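K.L.:
One structure coming up, written as structure tokens, with questions to follow.
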Amino acid sequence: MSTDLTAGPAARTAPLPGLALLASERVPRYTSYPTAPHFHAGIGPADYVDWLADLDPTQPVSLYLHVPFCEHLCWYCGCNAQVLRRPEALSAFADRLIRELWMVADAAPGRLKVTHLHWGGGTPTQLPPAVLERVMQAIADRYALDEDAEVAVEIDPRVMTPAMASTLGRCGFNRASLGVQDFTPHVQAAIGRVQSYDVVARTVDLLRDAGVGQLNFDLMYGLPQQTEGDCVTTVERCLRLYPDRFAMFGYAHVPWMRKQQGLIDASTLPDGDARMRQFESAAARLQAEGFQRVGLDHFALPDDPLAEAARAGRLHRNFQGYTTDPAEVLLAVGPSAIGQLPQGFVQNKTGPRDWSADIDAGRLATKGGIAISADDRQRAGIIKRLMCDFAVDLEAACGGDGPAVRRFAPELARLRELAAQGIVELDGGTVTVRPWARLYVRSVAAVFDAYLGKGPARHSRSV
Ligand SMILES: C[S@@+](CC[C@H](N)C(=O)[O-])C[C@H]1O[C@@H](n2cnc3c(N)ncnc32)[C@H](O)[C@@H]1O
């Protein structure tokens, strides 16, 4: 994959009409298509059970466990998370996770082979170590966890303990994502998350000593009071710890969805141009260090499977972001978790109380979802390739379903406008996002979103 995003400012010599508009456009992040705001209550637990029963037991699946609890709530947090510290309450939550895992296993046609297992949150390591181990044992009891499976967990370095690190090692975790965000004190104060370099360095040592060898660092740009220099300094400090991958997430300010973001002074947020420069400078620093850009916001060393998948056009995107995981089935447990099956998407009730009530009553906590049509599937394929490769061959995506020029005539008209702005190149049926404009890929993908503008969804700005 080309990595010349840093050629941006030079390649963009004149202000482009409509660009500011595009930067402020509010579009989905396309971790799925159709996107979650278009899920509806017409899909319930009975549909989910039917869909599970139809699974092909020979096909590997991915498993996602959502733990919506943290020790502290960070002001910028866009995730479904709340503070919960009592070990008994966390243990009761884990018992319900196990019950849900059993219900899913009961509905499936056989012992499912799991090739990717991801614990997200929130902060999964908020569970006491013995409790987390109990859930891992329950998974081993009811699912066939592949011996080469990627077993990953999201970590808040501020609350990592030696006991948790050795539990993760013993349970076979081989990848961890550490929330770092930014090391600069004024940014940390502005986002309500104070975390020293030493805390991160200690967590890295604990994890490596325990055998959790693959480490990702999550950084953010577009934070309040953050400058381009802050982003680069943070990258430089992180490099001293030799992580394998970086994610550089653009801060999504959605205070209408996440109340705690109201604590952030919106007048101190960088504008679209500043955000772009922050990202480009951080990206340039990482690329100078040999990291390859992967998708919209990930960086990996060239021999990392994620970088290899990106070069080979085998990159995938799901609710955890960019992944090497090709599984068509993602089974997800825990409050708000979203699963994907060949027939469509299902989402659990969001609030831990509502979710718990359903699990205690012995039923799956599905609050909604969407069955996917052939049209959805085709558009999902186009959007995924754009988000992963920054290019798509529409003729191939149409798969014999008529010529792309006819099938996607309105979309091609909109793409011609984006081509006039220098954002994409059109070559027959091939759409390529120009390297300098890659941060706008969500807006390009949105051209193929047949649901956009229908319903109540509000998204974060595109850049
Ligand atoms: C699911 S969170 C879990 C992080 C973990 N609980 C911690 O405290 O480090 C994973 C990552 O999402 C990113 N993130 C959280 N809120 C975000 C937002 N509003 N916009 C963009 N990225 C966000 C952060 O980089 C965070 O580390």
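Convention: chains lettered A, B, ... in structure tokens order; per-chain residue numbering from 1; ligands numbered from 1 as shown.
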Can you tell me which residues come within 7 Å of ligand 1 when counting only C-alpha atoms and all ligand atoms, ideally as a ChimeraX atom specification?
P.N.:
/A:70,76-79,120-123,154-157,178-181,218-220,249-253
K.L.:
Please dump the current selection as a PDB file, in the first residue's frame; keep N, CA and C atoms.
P.N.:
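Output file selection_30.pdb follows:
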ATOM      1  N   CYS A  70     -15.075   0.662  33.709  1.00  0.00           N
ATOM      2  CA  CYS A  70     -13.733   1.229  33.857  1.00  0.00           C
ATOM      3  C   CYS A  70     -13.543   1.674  35.306  1.00  0.00           C
ATOM      4  N   TYR A  76     -13.098  12.185  27.066  1.00  0.00           N
ATOM      5  CA  TYR A  76     -13.210  12.060  25.615  1.00  0.00           C
ATOM      6  C   TYR A  76     -13.921  10.780  25.193  1.00  0.00           C
ATOM      7  N   CYS A  77     -14.156   9.878  26.148  1.00  0.00           N
ATOM      8  CA  CYS A  77     -14.534   8.502  25.788  1.00  0.00           C
ATOM      9  C   CYS A  77     -15.811   8.456  24.949  1.00  0.00           C
ATOM     10  N   GLY A  78     -15.706   7.766  23.827  1.00  0.00           N
ATOM     11  CA  GLY A  78     -16.854   7.620  22.945  1.00  0.00           C
ATOM     12  C   GLY A  78     -17.453   6.219  23.037  1.00  0.00           C
ATOM     13  N   CYS A  79     -16.952   5.413  23.993  1.00  0.00           N
ATOM     14  CA  CYS A  79     -17.391   4.017  24.061  1.00  0.00           C
ATOM     15  C   CYS A  79     -18.543   3.860  25.040  1.00  0.00           C
ATOM     16  N   GLY A 120     -13.118  -6.265  24.567  1.00  0.00           N
ATOM     17  CA  GLY A 120     -13.079  -4.814  24.448  1.00  0.00           C
ATOM     18  C   GLY A 120     -13.941  -4.144  25.494  1.00  0.00           C
ATOM     19  N   GLY A 121     -13.924  -2.827  25.436  1.00  0.00           N
ATOM     20  CA  GLY A 121     -14.694  -2.133  26.458  1.00  0.00           C
ATOM     21  C   GLY A 121     -14.860  -0.663  26.146  1.00  0.00           C
ATOM     22  N   GLY A 122     -14.940   0.169  27.238  1.00  0.00           N
ATOM     23  CA  GLY A 122     -14.578  -0.159  28.574  1.00  0.00           C
ATOM     24  C   GLY A 122     -13.158  -0.711  28.735  1.00  0.00           C
ATOM     25  N   THR A 123     -12.991  -1.314  29.872  1.00  0.00           N
ATOM     26  CA  THR A 123     -11.686  -1.872  30.213  1.00  0.00           C
ATOM     27  C   THR A 123     -11.888  -3.304  30.725  1.00  0.00           C
ATOM     28  N   GLU A 154      -8.160  -5.083  25.366  1.00  0.00           N
ATOM     29  CA  GLU A 154      -7.914  -3.642  25.482  1.00  0.00           C
ATOM     30  C   GLU A 154      -7.587  -3.315  26.934  1.00  0.00           C
ATOM     31  N   ILE A 155      -6.554  -2.487  27.114  1.00  0.00           N
ATOM     32  CA  ILE A 155      -6.002  -2.272  28.453  1.00  0.00           C
ATOM     33  C   ILE A 155      -5.879  -0.786  28.780  1.00  0.00           C
ATOM     34  N   ASP A 156      -6.224  -0.430  30.003  1.00  0.00           N
ATOM     35  CA  ASP A 156      -5.923   0.903  30.533  1.00  0.00           C
ATOM     36  C   ASP A 156      -4.654   0.751  31.372  1.00  0.00           C
ATOM     37  N   PRO A 157      -3.513   1.278  30.906  1.00  0.00           N
ATOM     38  CA  PRO A 157      -2.245   1.035  31.612  1.00  0.00           C
ATOM     39  C   PRO A 157      -2.267   1.515  33.062  1.00  0.00           C
ATOM     40  N   LEU A 178      -3.038  -0.887  24.214  1.00  0.00           N
ATOM     41  CA  LEU A 178      -2.908  -0.010  25.380  1.00  0.00           C
ATOM     42  C   LEU A 178      -3.424   1.390  25.027  1.00  0.00           C
ATOM     43  N   GLY A 179      -4.310   1.917  25.856  1.00  0.00           N
ATOM     44  CA  GLY A 179      -4.786   3.283  25.643  1.00  0.00           C
ATOM     45  C   GLY A 179      -3.720   4.263  26.103  1.00  0.00           C
ATOM     46  N   VAL A 180      -3.128   4.985  25.156  1.00  0.00           N
ATOM     47  CA  VAL A 180      -2.097   5.978  25.498  1.00  0.00           C
ATOM     48  C   VAL A 180      -2.639   7.388  25.247  1.00  0.00           C
ATOM     49  N   GLN A 181      -3.199   7.632  24.100  1.00  0.00           N
ATOM     50  CA  GLN A 181      -3.836   8.893  23.664  1.00  0.00           C
ATOM     51  C   GLN A 181      -2.819  10.003  23.422  1.00  0.00           C
ATOM     52  N   ASP A 218      -2.838   2.812  21.290  1.00  0.00           N
ATOM     53  CA  ASP A 218      -3.890   3.691  20.766  1.00  0.00           C
ATOM     54  C   ASP A 218      -3.526   5.129  21.084  1.00  0.00           C
ATOM     55  N   LEU A 219      -3.371   5.939  20.032  1.00  0.00           N
ATOM     56  CA  LEU A 219      -3.141   7.376  20.197  1.00  0.00           C
ATOM     57  C   LEU A 219      -4.327   8.127  19.606  1.00  0.00           C
ATOM     58  N   MET A 220      -4.449   9.389  19.989  1.00  0.00           N
ATOM     59  CA  MET A 220      -5.539  10.190  19.429  1.00  0.00           C
ATOM     60  C   MET A 220      -5.029  11.549  18.957  1.00  0.00           C
ATOM     61  N   PHE A 249      -6.330   7.514  16.312  1.00  0.00           N
ATOM     62  CA  PHE A 249      -7.761   7.789  16.132  1.00  0.00           C
ATOM     63  C   PHE A 249      -8.043   9.284  16.171  1.00  0.00           C
ATOM     64  N   GLY A 250      -8.878   9.744  15.252  1.00  0.00           N
ATOM     65  CA  GLY A 250      -9.342  11.139  15.290  1.00  0.00           C
ATOM     66  C   GLY A 250     -10.417  11.246  16.354  1.00  0.00           C
ATOM     67  N   TYR A 251     -10.234  12.192  17.261  1.00  0.00           N
ATOM     68  CA  TYR A 251     -11.227  12.339  18.339  1.00  0.00           C
ATOM     69  C   TYR A 251     -12.609  12.620  17.746  1.00  0.00           C
ATOM     70  N   ALA A 252     -13.583  11.788  18.109  1.00  0.00           N
ATOM     71  CA  ALA A 252     -14.967  11.982  17.680  1.00  0.00           C
ATOM     72  C   ALA A 252     -15.709  12.682  18.818  1.00  0.00           C
ATOM     73  N   HIS A 253     -16.066  13.917  18.584  1.00  0.00           N
ATOM     74  CA  HIS A 253     -16.750  14.707  19.623  1.00  0.00           C
ATOM     75  C   HIS A 253     -18.258  14.580  19.400  1.00  0.00           C
TER      76      HIS A 253
END
K.L.:
Counting only C-alpha atoms, what is within 10 Å of region 450-453 of chain A, bar same-chain residues fewer than 5 positions away, as a JSON list (two decimals) with N, CA and C atoms, in the first residue's frame?
P.N.:
[["chain", "number", "residue", "atom", "x", "y", "z"],
["A", 27, "VAL", "N", -20.20, 11.94, 8.95],
["A", 27, "VAL", "CA", -20.40, 10.65, 8.27],
["A", 27, "VAL", "C", -19.96, 9.50, 9.18],
["A", 28, "PRO", "N", -20.51, 8.31, 8.95],
["A", 28, "PRO", "CA", -20.15, 7.17, 9.80],
["A", 28, "PRO", "C", -18.69, 6.76, 9.65],
["A", 33, "TYR", "N", -21.62, -1.98, 7.50],
["A", 33, "TYR", "CA", -22.62, -1.42, 6.60],
["A", 33, "TYR", "C", -23.71, -2.47, 6.46],
["A", 34, "PRO", "N", -24.96, -2.12, 6.68],
["A", 34, "PRO", "CA", -25.48, -0.85, 7.18],
["A", 34, "PRO", "C", -24.91, -0.52, 8.56],
["A", 35, "THR", "N", -24.88, 0.75, 8.90],
["A", 35, "THR", "CA", -24.30, 1.17, 10.17],
["A", 35, "THR", "C", -25.33, 1.04, 11.31],
["A", 37, "PRO", "N", -26.81, 2.88, 13.54],
["A", 37, "PRO", "CA", -28.02, 3.69, 13.73],
["A", 37, "PRO", "C", -29.20, 3.21, 12.89],
["A", 38, "HIS", "N", -28.95, 2.35, 11.92],
["A", 38, "HIS", "CA", -30.05, 1.87, 11.07],
["A", 38, "HIS", "C", -30.54, 0.49, 11.49],
["A", 375, "ASP", "N", -28.46, -5.99, -2.05],
["A", 375, "ASP", "CA", -27.96, -4.63, -2.31],
["A", 375, "ASP", "C", -27.04, -4.17, -1.17],
["A", 376, "ASP", "N", -27.48, -4.45, 0.09],
["A", 376, "ASP", "CA", -26.64, -4.09, 1.25],
["A", 376, "ASP", "C", -25.28, -4.76, 1.13],
["A", 379, "ARG", "N", -23.06, -3.10, -1.49],
["A", 379, "ARG", "CA", -22.57, -1.79, -1.02],
["A", 379, "ARG", "C", -21.57, -1.98, 0.13],
["A", 411, "GLU", "N", -24.38, 7.47, -7.87],
["A", 411, "GLU", "CA", -23.14, 7.49, -7.09],
["A", 411, "GLU", "C", -21.98, 8.00, -7.96],
["A", 458, "ARG", "N", -26.82, 10.86, 13.93],
["A", 458, "ARG", "CA", -25.87, 11.97, 13.85],
["A", 458, "ARG", "C", -24.50, 11.39, 14.08]]
K.L.:
Any idea what the distance is between CA of Gly213 (chain A) and CA of Ala176 (chain A)?
P.N.:
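CA of Ala176 (chain A) lies 8.2 Å from CA of Gly213 (chain A).
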K.L.:
Pick the closest to Ala163 (chain A) from A:Pro129, A:Gln195, A:Ala266, A:Asp146: which is it, counting only C-alpha atoms?
P.N.:
A:Pro129
K.L.:
I'd like to know which residues of region 195-443 of chain A are helix (DSSP H, G or I) (by DSSP, run on the backbone); could you write them as a PyMOL selection string?
P.N.:
chain A and resi 197-210+228-239+259-263+266-268+272-288+305-311+352-360+374-389+394-398+404-407+409-420+435-443
K.L.:
Under the rule that only C-alpha atoms are counted, which of A:Gly272, A:Gly399, A:Pro243, A:Pro162 is the nearest residue to Ala300 (chain A)?
P.N.:
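Of all the options, A:Pro243 lies closest to Ala300 (chain A).
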K.L.:
Write out as a compact mmCIF listing (two decimals) with C-alpha atoms, in the first residue's frame all residues of region 192-430 of chain A that DSSP puts in strand (DSSP E) for this structure's backbone.
P.N.:
# COMPACT_ATOMS: atom_id res chain seq x y z
CA GLN A 214 2.11 -8.23 20.45
CA LEU A 215 1.42 -4.69 21.62
CA ASN A 216 -0.71 -2.01 19.97
CA PHE A 217 -0.73 1.59 21.19
CA ASP A 218 -3.89 3.69 20.77
CA LEU A 219 -3.14 7.38 20.20
CA MET A 220 -5.54 10.19 19.43
CA TYR A 221 -5.43 13.44 17.46
CA ARG A 245 1.24 -1.39 15.91
CA PHE A 246 -0.24 2.05 16.39
CA ALA A 247 -3.77 3.28 15.95
CA MET A 248 -4.09 7.03 15.52
CA PHE A 249 -7.76 7.79 16.13
CA GLY A 250 -9.34 11.14 15.29
CA GLN A 292 3.53 1.15 7.20
CA ARG A 293 0.25 2.98 7.05
CA VAL A 294 -2.69 0.57 7.21
CA HIS A 298 -3.47 2.19 11.71
CA PHE A 299 0.29 1.72 11.40
CA ALA A 300 2.20 -1.55 11.55
CA HIS A 316 -10.78 -6.38 6.81
CA ARG A 317 -12.75 -3.94 8.91
CA ASN A 318 -15.15 -4.78 11.70
CA GLY A 321 -11.45 -1.45 13.48
CA TYR A 322 -8.92 -2.86 11.01
CA THR A 323 -8.16 -6.56 11.31
CA LEU A 330 -18.62 -12.32 14.65
CA LEU A 331 -20.42 -13.47 17.79
CA ALA A 332 -20.59 -10.72 20.37
CA VAL A 333 -21.56 -10.86 24.04
CA ILE A 338 -22.83 -6.04 17.95
CA GLY A 339 -22.63 -9.39 16.21
CA GLN A 340 -22.48 -10.16 12.51
CA LEU A 341 -23.89 -13.28 10.88
CA GLY A 344 -27.39 -9.69 9.17
CA PHE A 345 -26.39 -7.81 12.31
CA VAL A 346 -27.67 -8.14 15.88
CA GLN A 347 -27.07 -5.76 18.75
CA ASN A 348 -27.50 -6.37 22.47
CA THR A 366 -30.95 -8.69 21.44
CA LYS A 367 -32.44 -5.19 21.21
CA GLY A 368 -32.34 -4.93 17.44
CA GLY A 369 -30.42 -5.52 14.27
CA ILE A 370 -30.88 -5.63 10.55
CA ALA A 371 -31.26 -8.37 7.97
CA ALA A 391 -9.76 2.04 -4.01
CA VAL A 392 -12.48 -0.14 -5.42
CA ASP A 393 -13.27 -1.71 -8.76
CA VAL A 424 -10.82 10.80 -6.01
CA GLU A 425 -9.65 9.59 -9.38
CA LEU A 426 -12.09 7.79 -11.66
CA ASP A 427 -10.71 5.39 -14.21
CA THR A 430 -12.25 2.06 -10.64
K.L.:
Mind giving me the straight-line distance from CA of Gly211 (chain A) to CA of Ala288 (chain A) in Å, one decimal?
P.N.:
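Separation of CA of Gly211 (chain A) and CA of Ala288 (chain A): 28.5 Å.
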K.L.:
From the list A:Trp355, A:Phe319, A:Trp256, A:Tyr197, which residue is nearest Ser336 (chain A) when using only C-alpha atoms?
P.N.:
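Counting only C-alpha atoms, the residue closest to Ser336 (chain A) is A:Trp355.
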K.L.:
Which residue is closest to Gln343 (chain A)? Choose from A:Ala365, A:Ala374, A:Leu84, A:Val199 and count only C-alpha atoms.
P.N.:
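Nearest candidate to Gln343 (chain A) out of A:Ala365, A:Ala374, A:Leu84, A:Val199: A:Ala374.
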K.L.:
Could you list, as a PDB file with N, CA and C atoms, in the first residue's frame, every residue within 12 Å of Ala140 (chain A), counting only C-alpha atoms and ignoring same-chain residues fewer than 5 positions away?
P.N.:
ATOM      1  N   ILE A  98     -20.803 -15.414  30.912  1.00  0.00           N
ATOM      2  CA  ILE A  98     -20.661 -16.867  30.698  1.00  0.00           C
ATOM      3  C   ILE A  98     -22.008 -17.458  30.282  1.00  0.00           C
ATOM      4  N   LEU A 101     -22.608 -16.620  26.741  1.00  0.00           N
ATOM      5  CA  LEU A 101     -21.763 -17.449  25.871  1.00  0.00           C
ATOM      6  C   LEU A 101     -22.361 -18.841  25.719  1.00  0.00           C
ATOM      7  N   TRP A 102     -22.929 -19.374  26.803  1.00  0.00           N
ATOM      8  CA  TRP A 102     -23.562 -20.700  26.743  1.00  0.00           C
ATOM      9  C   TRP A 102     -24.803 -20.669  25.860  1.00  0.00           C
ATOM     10  N   ALA A 105     -23.779 -20.677  22.367  1.00  0.00           N
ATOM     11  CA  ALA A 105     -23.249 -22.000  21.997  1.00  0.00           C
ATOM     12  C   ALA A 105     -24.389 -23.010  21.859  1.00  0.00           C
ATOM     13  N   ARG A 111     -19.927 -27.369  17.988  1.00  0.00           N
ATOM     14  CA  ARG A 111     -18.897 -26.638  18.741  1.00  0.00           C
ATOM     15  C   ARG A 111     -18.133 -25.744  17.758  1.00  0.00           C
ATOM     16  N   LEU A 112     -18.305 -24.438  17.909  1.00  0.00           N
ATOM     17  CA  LEU A 112     -17.760 -23.512  16.917  1.00  0.00           C
ATOM     18  C   LEU A 112     -16.275 -23.285  17.124  1.00  0.00           C
ATOM     19  N   LYS A 113     -15.560 -23.223  15.993  1.00  0.00           N
ATOM     20  CA  LYS A 113     -14.116 -22.984  16.047  1.00  0.00           C
ATOM     21  C   LYS A 113     -13.871 -21.465  16.060  1.00  0.00           C
ATOM     22  N   VAL A 114     -13.151 -21.004  17.081  1.00  0.00           N
ATOM     23  CA  VAL A 114     -12.898 -19.566  17.233  1.00  0.00           C
ATOM     24  C   VAL A 114     -11.450 -19.275  16.830  1.00  0.00           C
ATOM     25  N   LEU A 117     -10.333 -13.888  19.137  1.00  0.00           N
ATOM     26  CA  LEU A 117     -11.077 -13.620  20.372  1.00  0.00           C
ATOM     27  C   LEU A 117     -10.643 -12.241  20.846  1.00  0.00           C
ATOM     28  N   GLU A 133     -10.236 -15.114  34.226  1.00  0.00           N
ATOM     29  CA  GLU A 133      -9.785 -16.486  33.932  1.00  0.00           C
ATOM     30  C   GLU A 133     -10.981 -17.445  33.885  1.00  0.00           C
ATOM     31  N   ARG A 134     -11.970 -17.200  34.761  1.00  0.00           N
ATOM     32  CA  ARG A 134     -13.172 -18.054  34.775  1.00  0.00           C
ATOM     33  C   ARG A 134     -13.903 -17.958  33.432  1.00  0.00           C
ATOM     34  N   VAL A 135     -13.990 -16.747  32.901  1.00  0.00           N
ATOM     35  CA  VAL A 135     -14.683 -16.586  31.608  1.00  0.00           C
ATOM     36  C   VAL A 135     -13.882 -17.292  30.501  1.00  0.00           C
ATOM     37  N   LEU A 145     -11.385 -23.143  20.787  1.00  0.00           N
ATOM     38  CA  LEU A 145     -10.475 -22.017  20.574  1.00  0.00           C
ATOM     39  C   LEU A 145      -9.235 -22.530  19.832  1.00  0.00           C
ATOM     40  N   ASP A 146      -9.061 -22.052  18.601  1.00  0.00           N
ATOM     41  CA  ASP A 146      -7.966 -22.513  17.760  1.00  0.00           C
ATOM     42  C   ASP A 146      -6.623 -22.236  18.438  1.00  0.00           C
ATOM     43  N   GLU A 147      -5.688 -23.181  18.289  1.00  0.00           N
ATOM     44  CA  GLU A 147      -4.418 -22.964  19.008  1.00  0.00           C
ATOM     45  C   GLU A 147      -3.616 -21.796  18.438  1.00  0.00           C
ATOM     46  N   CYS A 171      -3.672 -17.314  30.319  1.00  0.00           N
ATOM     47  CA  CYS A 171      -4.905 -17.596  29.561  1.00  0.00           C
ATOM     48  C   CYS A 171      -4.674 -17.569  28.049  1.00  0.00           C
ATOM     49  N   GLY A 172      -3.439 -17.333  27.626  1.00  0.00           N
ATOM     50  CA  GLY A 172      -3.143 -17.419  26.194  1.00  0.00           C
ATOM     51  C   GLY A 172      -3.329 -16.125  25.423  1.00  0.00           C
TER      52      GLY A 172
END
K.L.:
With only C-alpha atoms as the basis for distance, which of A:Tyr143, A:Phe408, A:Phe93, A:Phe390 is at the shortest distance from Tyr440 (chain A)?
P.N.:
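For Tyr440 (chain A), the nearest of the candidates is A:Phe390.
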K.L.:
What is the CA of Gln421 (chain A)-CA of Arg438 (chain A) distance in Å, reported with one decimal?
P.N.:
13.3 Å
